[in-house]
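Structure file target_26.cif; described as mmCIF, C-alpha atoms.
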data_data
#
loop_
_atom_site.label_atom_id
_atom_site.label_comp_id
_atom_site.auth_asym_id
_atom_site.auth_seq_id
_atom_site.Cartn_x
_atom_site.Cartn_y
_atom_site.Cartn_z
CA MET A 1 0.42 10.73 6.47
CA ALA A 2 -1.27 13.72 4.85
CA ASN A 3 -4.95 14.51 5.33
CA ARG A 4 -6.76 16.41 2.61
CA THR A 5 -9.91 18.53 2.66
CA SER A 6 -9.40 19.93 -0.85
CA TYR A 7 -7.07 19.70 -3.84
CA PRO A 8 -5.70 22.50 -6.02
CA PRO A 9 -6.76 22.25 -9.67
CA GLY A 10 -4.40 20.06 -11.64
CA THR A 11 -3.70 17.71 -8.71
CA PHE A 12 -4.25 13.96 -8.74
CA SER A 13 -6.92 13.33 -6.16
CA TRP A 14 -8.53 9.89 -6.61
CA ALA A 15 -7.92 6.40 -7.97
CA GLU A 16 -10.67 3.95 -8.90
CA LEU A 17 -10.40 0.32 -9.94
CA VAL A 18 -12.66 -1.07 -12.66
CA THR A 19 -12.55 -4.83 -12.28
CA SER A 20 -14.13 -8.03 -13.54
CA ASP A 21 -14.51 -9.48 -10.02
CA ALA A 22 -15.16 -6.92 -7.29
CA ASP A 23 -15.28 -9.41 -4.42
CA ALA A 24 -11.97 -11.00 -5.38
CA ALA A 25 -10.36 -7.59 -5.90
CA LYS A 26 -11.55 -6.41 -2.49
CA GLY A 27 -9.98 -9.43 -0.83
CA PHE A 28 -6.68 -8.92 -2.65
CA TYR A 29 -6.34 -5.23 -1.83
CA THR A 30 -7.31 -5.80 1.78
CA GLU A 31 -4.39 -8.22 2.03
CA VAL A 32 -2.06 -5.80 0.24
CA PHE A 33 -3.04 -2.45 1.77
CA GLY A 34 -5.27 -3.24 4.75
CA TRP A 35 -8.34 -1.61 3.21
CA ASP A 36 -11.88 -1.85 4.54
CA TYR A 37 -14.83 -0.97 2.30
CA ARG A 38 -18.08 0.94 2.28
CA ASP A 39 -20.48 -0.46 -0.32
CA ASP A 40 -22.97 1.94 -1.90
CA PRO A 41 -25.58 0.89 -4.48
CA VAL A 42 -25.35 3.33 -7.40
CA GLY A 43 -27.66 1.77 -9.96
CA GLU A 44 -29.41 -1.39 -10.92
CA GLY A 45 -27.10 -4.25 -10.04
CA MET A 46 -24.10 -1.93 -9.47
CA VAL A 47 -22.23 -1.34 -6.22
CA TYR A 48 -19.51 1.28 -5.72
CA SER A 49 -17.08 0.18 -3.03
CA THR A 50 -15.08 2.95 -1.38
CA ALA A 51 -11.79 1.73 0.05
CA LEU A 52 -11.22 2.99 3.59
CA LEU A 53 -7.99 3.40 5.52
CA GLY A 54 -8.58 4.15 9.18
CA GLY A 55 -12.17 4.93 8.24
CA GLN A 56 -11.13 7.53 5.62
CA PRO A 57 -11.72 7.16 1.85
CA VAL A 58 -8.53 6.51 -0.12
CA ALA A 59 -9.70 4.81 -3.36
CA ALA A 60 -12.62 2.86 -4.80
CA LEU A 61 -13.54 -0.11 -6.97
CA TYR A 62 -16.50 -1.47 -8.87
CA ARG A 63 -17.34 -4.19 -11.35
CA GLY A 64 -17.23 -2.80 -14.87
CA ASP A 65 -16.37 -3.36 -18.48
CA PRO A 66 -13.06 -5.11 -19.28
CA PRO A 67 -10.17 -4.92 -19.36
CA PRO A 68 -9.60 -4.41 -15.60
CA HIS A 69 -7.77 -1.15 -14.99
CA TRP A 70 -7.26 1.72 -12.57
CA ASN A 71 -8.78 5.12 -13.36
CA CYS A 72 -6.74 8.13 -12.24
CA TYR A 73 -8.54 11.40 -11.45
CA VAL A 74 -7.28 14.99 -11.63
CA THR A 75 -9.18 17.79 -9.88
CA VAL A 76 -10.39 20.63 -12.10
CA THR A 77 -12.40 23.78 -11.48
CA SER A 78 -14.90 22.89 -14.21
CA ALA A 79 -15.26 19.46 -15.81
CA ASP A 80 -17.09 21.04 -18.76
CA ASN A 81 -14.40 23.62 -19.43
CA ALA A 82 -11.54 21.18 -18.92
CA ALA A 83 -13.09 18.60 -21.24
CA ALA A 84 -13.72 21.23 -23.91
CA ARG A 85 -10.17 22.53 -23.65
CA ALA A 86 -8.79 18.97 -23.81
CA ALA A 87 -10.70 18.38 -27.03
CA GLU A 88 -9.30 21.59 -28.50
CA LEU A 89 -5.81 20.33 -27.68
CA GLY A 90 -6.34 17.02 -29.49
CA ALA A 91 -7.77 14.73 -26.82
CA SER A 92 -10.57 12.26 -27.47
CA THR A 93 -13.67 12.49 -25.30
CA LEU A 94 -14.46 9.09 -23.80
CA ALA A 95 -17.29 10.36 -21.58
CA GLU A 96 -18.94 13.76 -21.88
CA PRO A 97 -19.24 15.74 -18.62
CA PHE A 98 -21.89 14.31 -16.28
CA ASP A 99 -23.00 14.65 -12.67
CA VAL A 100 -22.13 11.92 -10.18
CA LEU A 101 -25.07 12.32 -7.79
CA ASP A 102 -24.05 15.14 -5.41
CA ALA A 103 -20.44 13.96 -5.24
CA GLY A 104 -19.17 15.97 -8.19
CA ARG A 105 -19.10 16.32 -11.94
CA MET A 106 -16.68 14.50 -14.20
CA ALA A 107 -15.57 13.72 -17.73
CA VAL A 108 -13.21 11.14 -19.17
CA ILE A 109 -10.69 11.93 -21.89
CA ALA A 110 -7.92 10.13 -23.74
CA ASP A 111 -4.88 12.33 -24.25
CA PRO A 112 -3.34 12.62 -27.74
CA THR A 113 -1.03 9.66 -26.98
CA GLY A 114 -4.00 7.45 -26.02
CA ALA A 115 -3.93 7.41 -22.20
CA ALA A 116 -7.30 7.77 -20.46
CA LEU A 117 -7.74 10.25 -17.60
CA CYS A 118 -10.71 11.31 -15.47
CA LEU A 119 -11.42 15.00 -14.84
CA TRP A 120 -13.03 15.64 -11.45
CA GLU A 121 -14.99 18.74 -10.42
CA PRO A 122 -15.56 18.16 -6.69
CA ARG A 123 -18.73 18.85 -4.77
CA SER A 124 -19.37 16.71 -1.68
CA HIS A 125 -16.51 14.34 -2.58
CA ILE A 126 -13.09 15.97 -2.82
CA GLY A 127 -11.23 12.74 -3.55
CA ALA A 128 -8.96 10.85 -1.17
CA ALA A 129 -9.08 12.11 2.40
CA VAL A 130 -5.65 10.58 3.10
CA VAL A 131 -2.65 10.48 0.75
CA ASN A 132 1.09 9.89 0.97
CA ALA A 133 0.98 7.07 3.51
CA PRO A 134 1.09 3.27 3.47
CA GLY A 135 -2.18 2.13 1.89
CA ALA A 136 -2.89 5.53 0.33
CA LEU A 137 -2.27 7.15 -3.04
CA THR A 138 1.28 8.51 -3.29
CA TRP A 139 2.06 9.09 -6.98
CA ASN A 140 0.81 8.69 -10.57
CA ASP A 141 2.88 7.83 -13.62
CA LEU A 142 2.01 8.19 -17.29
CA ILE A 143 3.40 5.45 -19.52
CA THR A 144 3.32 6.78 -23.06
CA PRO A 145 5.11 6.29 -26.38
CA ASP A 146 5.47 10.07 -26.79
CA VAL A 147 6.51 11.98 -23.69
CA GLU A 148 7.06 15.20 -25.63
CA ALA A 149 3.50 15.23 -26.97
CA ALA A 150 2.07 14.32 -23.58
CA ALA A 151 4.06 17.03 -21.81
CA ARG A 152 2.85 19.67 -24.26
CA PHE A 153 -0.76 18.54 -23.94
CA TYR A 154 -0.88 18.47 -20.15
CA GLY A 155 1.12 21.67 -19.90
CA ASP A 156 -1.51 23.43 -22.00
CA LEU A 157 -4.43 21.72 -20.22
CA PHE A 158 -3.39 21.94 -16.55
CA GLY A 159 -0.37 24.24 -16.58
CA TRP A 160 1.92 21.37 -15.60
CA ALA A 161 5.66 21.74 -15.95
CA THR A 162 7.85 18.66 -16.47
CA LEU A 163 11.42 18.25 -15.29
CA GLU A 164 13.60 15.52 -16.81
CA ILE A 165 15.63 13.64 -14.22
CA PRO A 166 19.28 13.09 -15.24
CA ASN A 167 20.32 9.49 -15.86
CA ALA A 168 16.77 8.21 -15.40
CA GLY A 169 15.99 6.94 -18.88
CA GLY A 170 14.10 10.09 -19.89
CA TYR A 171 11.80 10.05 -16.86
CA ARG A 172 10.11 13.39 -16.20
CA VAL A 173 8.62 14.62 -12.94
CA ILE A 174 5.38 16.55 -13.25
CA GLN A 175 5.09 19.75 -11.26
CA ASN A 176 1.78 21.43 -10.54
CA GLY A 177 2.05 24.85 -8.95
CA GLY A 178 5.63 24.07 -7.97
CA ARG A 179 4.77 20.75 -6.28
CA SER A 180 5.69 17.31 -7.56
CA ASN A 181 2.54 15.69 -8.94
CA GLY A 182 3.57 12.51 -10.74
CA GLY A 183 5.74 11.53 -13.65
CA MET A 184 5.99 10.53 -17.30
CA LEU A 185 8.04 7.81 -18.92
CA SER A 186 8.34 6.74 -22.55
CA ARG A 187 7.64 3.02 -22.90
CA GLU A 188 5.80 0.95 -25.49
CA VAL A 189 5.61 -2.36 -23.59
CA ILE A 190 2.07 -1.59 -22.38
CA PRO A 191 -0.72 0.53 -23.90
CA PRO A 192 -0.57 4.24 -22.97
CA SER A 193 -1.98 4.57 -19.47
CA TRP A 194 -1.84 6.30 -16.11
CA ILE A 195 -0.75 4.03 -13.25
CA PRO A 196 -1.44 4.86 -9.59
CA TYR A 197 1.14 4.27 -6.86
CA PHE A 198 0.12 3.37 -3.31
CA GLY A 199 2.33 3.47 -0.25
CA HIS A 200 3.41 0.21 1.33
CA GLU A 201 5.43 -0.50 4.46
CA ASP A 202 7.28 -3.56 3.10
CA LEU A 203 7.83 -3.58 -0.65
CA SER A 204 10.19 -6.55 -0.52
CA GLY A 205 7.63 -8.58 1.38
CA LEU A 206 4.85 -7.66 -1.01
CA HIS A 207 7.04 -8.48 -3.98
CA ALA A 208 7.77 -11.91 -2.52
CA ARG A 209 4.16 -12.84 -1.77
CA ALA A 210 2.29 -11.18 -4.64
CA GLY A 211 1.95 -14.52 -6.40
CA ASP A 212 0.59 -16.22 -3.28
CA LEU A 213 -2.12 -13.53 -3.14
CA GLY A 214 -3.12 -14.19 -6.75
CA GLY A 215 -1.35 -11.19 -8.26
CA ARG A 216 1.92 -10.82 -10.14
CA ALA A 217 5.06 -8.78 -9.62
CA LEU A 218 5.85 -7.26 -13.02
CA SER A 219 9.16 -5.67 -12.06
CA GLU A 220 11.90 -6.01 -9.52
CA PRO A 221 11.97 -3.29 -6.85
CA VAL A 222 13.52 -0.15 -8.32
CA ALA A 223 15.44 2.39 -6.24
CA VAL A 224 14.35 6.03 -6.58
CA PRO A 225 15.32 9.10 -4.52
CA SER A 226 12.28 8.69 -2.27
CA GLY A 227 12.64 4.93 -1.72
CA ARG A 228 11.82 1.82 -3.78
CA PHE A 229 8.87 0.88 -5.97
CA ALA A 230 7.67 -2.06 -8.04
CA LEU A 231 4.93 -2.62 -10.59
CA PHE A 232 2.24 -5.24 -9.97
CA ALA A 233 -0.83 -6.75 -11.60
CA ASP A 234 -3.75 -7.71 -9.39
CA PRO A 235 -5.51 -11.10 -9.85
CA GLN A 236 -7.81 -9.65 -12.52
CA GLY A 237 -4.93 -8.01 -14.40
CA ALA A 238 -5.16 -4.32 -13.38
CA LEU A 239 -1.77 -2.60 -13.08
CA PHE A 240 -0.68 -0.61 -10.04
CA ALA A 241 2.57 0.24 -8.29
CA ALA A 242 3.59 0.14 -4.64
CA LEU A 243 6.15 2.46 -3.06
CA THR A 244 8.10 2.12 0.17
CA GLY A 245 10.04 5.14 1.33
CA THR A 246 9.65 8.79 2.25
CA TYR A 247 6.36 10.36 1.17
CA ASP A 248 5.59 14.02 0.56
CA ASP A 249 3.38 15.88 3.02
#
Can I see the file as structure tokens?
Amino acid sequence: MANRTSYPPGTFSWAELVTSDADAAKGFYTEVFGWDYRDDPVGEGMVYSTALLGGQPVAALYRGDPPPHWNCYVTVTSADNAAARAAELGASTLAEPFDVLDAGRMAVIADPTGAALCLWEPRSHIGAAVVNAPGALTWNDLITPDVEAAARFYGDLFGWATLEIPNAGGYRVIQNGGRSNGGMLSREVIPPSWIPYFGHEDLSGLHARAGDLGGRALSEPVAVPSGRFALFADPQGALFAALTGTYDD
């Protein structure tokens, strides 16, 4: 388990579920990852539920516009500057920079291949307080039809380097400041998107009972150097992955 009090710019730091049924989603993810929740009213008729692991924030969810999906966040020094630079590099602006109470400032972009990403300038909220553990964020993958274009864009925006793994179907590991920070894979079976990975103690068990919990296993467990992962859809249709194995610090 790794505790965090800050994140270097360019690092994935938070994951947030937008769902059509918050209560049902909370029940599902509690069964899957053991999460508790802190519910905070954030507007008329809207509740932001922070997922807690051992009392520490690890993710969040709220009821929002369809389709259900996970938002992935990358820490930046300035949301305004990062959003402006992204636009210069060919991104679409989905949400102009705005303040999130005293928690931080953010913007939402779609990269030139169409995948949405949240830019997070932290203030009181740095992101997940725990990562790289069962029930916590461990990885983020970009599924895109054009890995080359995505690699160029994110390299220019965040300074990321990408390293292609031999015999892995073109999969590239993202490095931020010399540290592994996610990956990219060329696929056209789903719309371009970032998918969060969460640690899990028993991937085989989760794979076997996903349907009983109302979700779906979308892939068989896949062996990777750090362990095994599989892709899932929750009961409302949002995609996420679970990973059992050795996590980074």
Margin query: Could you list, as number ranges by chain, every residue within 9 Å of Thr75 in chain A, counting only C-alpha atoms and ignoring same-chain residues fewer than 3 positions away?
Written below: A: 7-14, 78-79, 118-122, 126-127
Given the PyMOL selection byres ((chain A and resi 214) around 8) and the file above, list the residues it selects as a PDB file with C-alpha atoms, keeping the file's coordinate frame.
ATOM      1  CA  PHE A  28      -6.680  -8.920  -2.650  1.00  0.00           C
ATOM      2  CA  ALA A 210       2.290 -11.180  -4.640  1.00  0.00           C
ATOM      3  CA  GLY A 211       1.950 -14.520  -6.400  1.00  0.00           C
ATOM      4  CA  ASP A 212       0.590 -16.220  -3.280  1.00  0.00           C
ATOM      5  CA  LEU A 213      -2.120 -13.530  -3.140  1.00  0.00           C
ATOM      6  CA  GLY A 215      -1.350 -11.190  -8.260  1.00  0.00           C
ATOM      7  CA  ARG A 216       1.920 -10.820 -10.140  1.00  0.00           C
ATOM      8  CA  ASP A 234      -3.750  -7.710  -9.390  1.00  0.00           C
ATOM      9  CA  PRO A 235      -5.510 -11.100  -9.850  1.00  0.00           C
TER      10      PRO A 235
END
Margin query: One decimal, in Å: what's the spacing between CA of Arg152 in chain A and CA of Ala168 in chain A?
Written below: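 CA of Ala168 in chain A lies 20.1 Å from CA of Arg152 in chain A.
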Next item on the list: Report the distance between CA of Ala107 in chain A and CA of Phe158 in chain A in Å, rounded to one decimal place.
Entry: 14.7 Å
Item checked: Counting only C-alpha atoms, the residue of A:Ser6, A:Thr144, A:Thr162, A:Asn132 that sits nearest Tyr247 in chain A -> A:Asn132
Next item on the list: Please write the residues picked by the PyMOL selection byres ((chain A and resi 232) around 10) on this file as a VMD selection string.
Entry: chain A and resid 206 to 207 210 to 211 215 to 220 229 to 231 233 to 235 237 to 242
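Note that CA of Leu61 in chain A and CA of Val47 in chain A are 8.8 Å apart.
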How would range 18-50 of chain A of the given structure read as a file with N, CA, C and O atoms, as a PDB file, in the first residue's frame?
ATOM      1  N   VAL A  18     -19.147   8.361 -13.029  1.00  0.00           N
ATOM      2  CA  VAL A  18     -20.402   9.032 -13.361  1.00  0.00           C
ATOM      3  C   VAL A  18     -21.389   7.932 -13.723  1.00  0.00           C
ATOM      4  O   VAL A  18     -21.149   7.173 -14.669  1.00  0.00           O
ATOM      5  N   THR A  19     -22.486   7.827 -12.983  1.00  0.00           N
ATOM      6  CA  THR A  19     -23.358   6.676 -13.111  1.00  0.00           C
ATOM      7  C   THR A  19     -24.827   7.077 -13.172  1.00  0.00           C
ATOM      8  O   THR A  19     -25.202   8.166 -12.727  1.00  0.00           O
ATOM      9  N   SER A  20     -25.640   6.186 -13.698  1.00  0.00           N
ATOM     10  CA  SER A  20     -27.077   6.436 -13.776  1.00  0.00           C
ATOM     11  C   SER A  20     -27.805   6.053 -12.498  1.00  0.00           C
ATOM     12  O   SER A  20     -28.957   6.444 -12.301  1.00  0.00           O
ATOM     13  N   ASP A  21     -27.163   5.293 -11.617  1.00  0.00           N
ATOM     14  CA  ASP A  21     -27.791   4.837 -10.377  1.00  0.00           C
ATOM     15  C   ASP A  21     -26.725   4.780  -9.291  1.00  0.00           C
ATOM     16  O   ASP A  21     -26.030   3.767  -9.139  1.00  0.00           O
ATOM     17  N   ALA A  22     -26.595   5.865  -8.540  1.00  0.00           N
ATOM     18  CA  ALA A  22     -25.522   5.966  -7.557  1.00  0.00           C
ATOM     19  C   ALA A  22     -25.667   4.934  -6.448  1.00  0.00           C
ATOM     20  O   ALA A  22     -24.674   4.333  -6.012  1.00  0.00           O
ATOM     21  N   ASP A  23     -26.881   4.714  -5.965  1.00  0.00           N
ATOM     22  CA  ASP A  23     -27.072   3.763  -4.873  1.00  0.00           C
ATOM     23  C   ASP A  23     -26.685   2.352  -5.301  1.00  0.00           C
ATOM     24  O   ASP A  23     -26.019   1.614  -4.561  1.00  0.00           O
ATOM     25  N   ALA A  24     -27.122   1.949  -6.493  1.00  0.00           N
ATOM     26  CA  ALA A  24     -26.777   0.618  -6.988  1.00  0.00           C
ATOM     27  C   ALA A  24     -25.275   0.493  -7.213  1.00  0.00           C
ATOM     28  O   ALA A  24     -24.667  -0.545  -6.903  1.00  0.00           O
ATOM     29  N   ALA A  25     -24.663   1.538  -7.750  1.00  0.00           N
ATOM     30  CA  ALA A  25     -23.217   1.502  -7.988  1.00  0.00           C
ATOM     31  C   ALA A  25     -22.451   1.396  -6.674  1.00  0.00           C
ATOM     32  O   ALA A  25     -21.475   0.644  -6.569  1.00  0.00           O
ATOM     33  N   LYS A  26     -22.902   2.112  -5.658  1.00  0.00           N
ATOM     34  CA  LYS A  26     -22.234   2.047  -4.359  1.00  0.00           C
ATOM     35  C   LYS A  26     -22.274   0.624  -3.802  1.00  0.00           C
ATOM     36  O   LYS A  26     -21.272   0.112  -3.292  1.00  0.00           O
ATOM     37  N   GLY A  27     -23.435  -0.019  -3.912  1.00  0.00           N
ATOM     38  CA  GLY A  27     -23.541  -1.381  -3.428  1.00  0.00           C
ATOM     39  C   GLY A  27     -22.623  -2.337  -4.178  1.00  0.00           C
ATOM     40  O   GLY A  27     -21.968  -3.201  -3.571  1.00  0.00           O
ATOM     41  N   PHE A  28     -22.546  -2.177  -5.492  1.00  0.00           N
ATOM     42  CA  PHE A  28     -21.698  -3.047  -6.302  1.00  0.00           C
ATOM     43  C   PHE A  28     -20.236  -2.883  -5.923  1.00  0.00           C
ATOM     44  O   PHE A  28     -19.526  -3.876  -5.671  1.00  0.00           O
ATOM     45  N   TYR A  29     -19.747  -1.661  -5.865  1.00  0.00           N
ATOM     46  CA  TYR A  29     -18.328  -1.451  -5.596  1.00  0.00           C
ATOM     47  C   TYR A  29     -17.953  -1.760  -4.152  1.00  0.00           C
ATOM     48  O   TYR A  29     -16.795  -2.118  -3.876  1.00  0.00           O
ATOM     49  N   THR A  30     -18.898  -1.668  -3.249  1.00  0.00           N
ATOM     50  CA  THR A  30     -18.626  -2.128  -1.889  1.00  0.00           C
ATOM     51  C   THR A  30     -18.373  -3.628  -1.888  1.00  0.00           C
ATOM     52  O   THR A  30     -17.454  -4.125  -1.230  1.00  0.00           O
ATOM     53  N   GLU A  31     -19.189  -4.373  -2.632  1.00  0.00           N
ATOM     54  CA  GLU A  31     -18.992  -5.814  -2.741  1.00  0.00           C
ATOM     55  C   GLU A  31     -17.661  -6.144  -3.422  1.00  0.00           C
ATOM     56  O   GLU A  31     -16.969  -7.096  -3.039  1.00  0.00           O
ATOM     57  N   VAL A  32     -17.300  -5.365  -4.426  1.00  0.00           N
ATOM     58  CA  VAL A  32     -16.096  -5.667  -5.208  1.00  0.00           C
ATOM     59  C   VAL A  32     -14.829  -5.249  -4.479  1.00  0.00           C
ATOM     60  O   VAL A  32     -13.850  -6.016  -4.403  1.00  0.00           O
ATOM     61  N   PHE A  33     -14.815  -4.031  -3.930  1.00  0.00           N
ATOM     62  CA  PHE A  33     -13.578  -3.473  -3.371  1.00  0.00           C
ATOM     63  C   PHE A  33     -13.625  -3.178  -1.871  1.00  0.00           C
ATOM     64  O   PHE A  33     -12.619  -2.747  -1.304  1.00  0.00           O
ATOM     65  N   GLY A  34     -14.776  -3.386  -1.236  1.00  0.00           N
ATOM     66  CA  GLY A  34     -14.863  -3.122   0.195  1.00  0.00           C
ATOM     67  C   GLY A  34     -14.945  -1.652   0.557  1.00  0.00           C
ATOM     68  O   GLY A  34     -14.601  -1.267   1.675  1.00  0.00           O
ATOM     69  N   TRP A  35     -15.422  -0.818  -0.365  1.00  0.00           N
ATOM     70  CA  TRP A  35     -15.474   0.614  -0.108  1.00  0.00           C
ATOM     71  C   TRP A  35     -16.599   1.003   0.850  1.00  0.00           C
ATOM     72  O   TRP A  35     -17.697   0.448   0.816  1.00  0.00           O
ATOM     73  N   ASP A  36     -16.312   1.991   1.689  1.00  0.00           N
ATOM     74  CA  ASP A  36     -17.318   2.775   2.396  1.00  0.00           C
ATOM     75  C   ASP A  36     -17.437   4.108   1.661  1.00  0.00           C
ATOM     76  O   ASP A  36     -16.645   4.402   0.751  1.00  0.00           O
ATOM     77  N   TYR A  37     -18.390   4.945   2.097  1.00  0.00           N
ATOM     78  CA  TYR A  37     -18.620   6.201   1.379  1.00  0.00           C
ATOM     79  C   TYR A  37     -18.885   7.358   2.331  1.00  0.00           C
ATOM     80  O   TYR A  37     -19.473   7.186   3.400  1.00  0.00           O
ATOM     81  N   ARG A  38     -18.437   8.516   1.914  1.00  0.00           N
ATOM     82  CA  ARG A  38     -18.808   9.781   2.563  1.00  0.00           C
ATOM     83  C   ARG A  38     -19.608  10.586   1.557  1.00  0.00           C
ATOM     84  O   ARG A  38     -19.113  10.907   0.471  1.00  0.00           O
ATOM     85  N   ASP A  39     -20.847  10.886   1.884  1.00  0.00           N
ATOM     86  CA  ASP A  39     -21.742  11.593   0.971  1.00  0.00           C
ATOM     87  C   ASP A  39     -21.749  13.080   1.286  1.00  0.00           C
ATOM     88  O   ASP A  39     -22.021  13.485   2.419  1.00  0.00           O
ATOM     89  N   ASP A  40     -21.464  13.899   0.271  1.00  0.00           N
ATOM     90  CA  ASP A  40     -21.424  15.347   0.432  1.00  0.00           C
ATOM     91  C   ASP A  40     -22.353  16.008  -0.578  1.00  0.00           C
ATOM     92  O   ASP A  40     -22.154  15.844  -1.793  1.00  0.00           O
ATOM     93  N   PRO A  41     -23.372  16.745  -0.129  1.00  0.00           N
ATOM     94  CA  PRO A  41     -24.189  17.515  -1.064  1.00  0.00           C
ATOM     95  C   PRO A  41     -23.327  18.574  -1.759  1.00  0.00           C
ATOM     96  O   PRO A  41     -22.568  19.291  -1.096  1.00  0.00           O
ATOM     97  N   VAL A  42     -23.436  18.661  -3.077  1.00  0.00           N
ATOM     98  CA  VAL A  42     -22.617  19.622  -3.827  1.00  0.00           C
ATOM     99  C   VAL A  42     -23.452  20.500  -4.731  1.00  0.00           C
ATOM    100  O   VAL A  42     -22.914  21.236  -5.548  1.00  0.00           O
ATOM    101  N   GLY A  43     -24.747  20.447  -4.596  1.00  0.00           N
ATOM    102  CA  GLY A  43     -25.632  21.270  -5.413  1.00  0.00           C
ATOM    103  C   GLY A  43     -27.045  20.770  -5.254  1.00  0.00           C
ATOM    104  O   GLY A  43     -27.298  19.764  -4.576  1.00  0.00           O
ATOM    105  N   GLU A  44     -27.955  21.465  -5.869  1.00  0.00           N
ATOM    106  CA  GLU A  44     -29.355  21.091  -5.733  1.00  0.00           C
ATOM    107  C   GLU A  44     -29.603  19.685  -6.287  1.00  0.00           C
ATOM    108  O   GLU A  44     -29.427  19.422  -7.472  1.00  0.00           O
ATOM    109  N   GLY A  45     -29.970  18.780  -5.402  1.00  0.00           N
ATOM    110  CA  GLY A  45     -30.287  17.422  -5.798  1.00  0.00           C
ATOM    111  C   GLY A  45     -29.090  16.569  -6.168  1.00  0.00           C
ATOM    112  O   GLY A  45     -29.251  15.467  -6.686  1.00  0.00           O
ATOM    113  N   MET A  46     -27.858  17.040  -5.912  1.00  0.00           N
ATOM    114  CA  MET A  46     -26.665  16.290  -6.300  1.00  0.00           C
ATOM    115  C   MET A  46     -25.840  15.935  -5.072  1.00  0.00           C
ATOM    116  O   MET A  46     -25.627  16.784  -4.189  1.00  0.00           O
ATOM    117  N   VAL A  47     -25.387  14.707  -5.017  1.00  0.00           N
ATOM    118  CA  VAL A  47     -24.548  14.215  -3.929  1.00  0.00           C
ATOM    119  C   VAL A  47     -23.276  13.632  -4.526  1.00  0.00           C
ATOM    120  O   VAL A  47     -23.329  12.834  -5.472  1.00  0.00           O
ATOM    121  N   TYR A  48     -22.143  14.025  -3.981  1.00  0.00           N
ATOM    122  CA  TYR A  48     -20.841  13.492  -4.392  1.00  0.00           C
ATOM    123  C   TYR A  48     -20.396  12.509  -3.329  1.00  0.00           C
ATOM    124  O   TYR A  48     -20.211  12.881  -2.169  1.00  0.00           O
ATOM    125  N   SER A  49     -20.246  11.253  -3.720  1.00  0.00           N
ATOM    126  CA  SER A  49     -19.912  10.192  -2.772  1.00  0.00           C
ATOM    127  C   SER A  49     -18.444   9.820  -2.927  1.00  0.00           C
ATOM    128  O   SER A  49     -18.032   9.280  -3.964  1.00  0.00           O
ATOM    129  N   THR A  50     -17.656  10.114  -1.901  1.00  0.00           N
ATOM    130  CA  THR A  50     -16.245   9.753  -1.897  1.00  0.00           C
ATOM    131  C   THR A  50     -16.093   8.333  -1.386  1.00  0.00           C
ATOM    132  O   THR A  50     -16.579   7.999  -0.298  1.00  0.00           O
TER     133      THR A  50
END
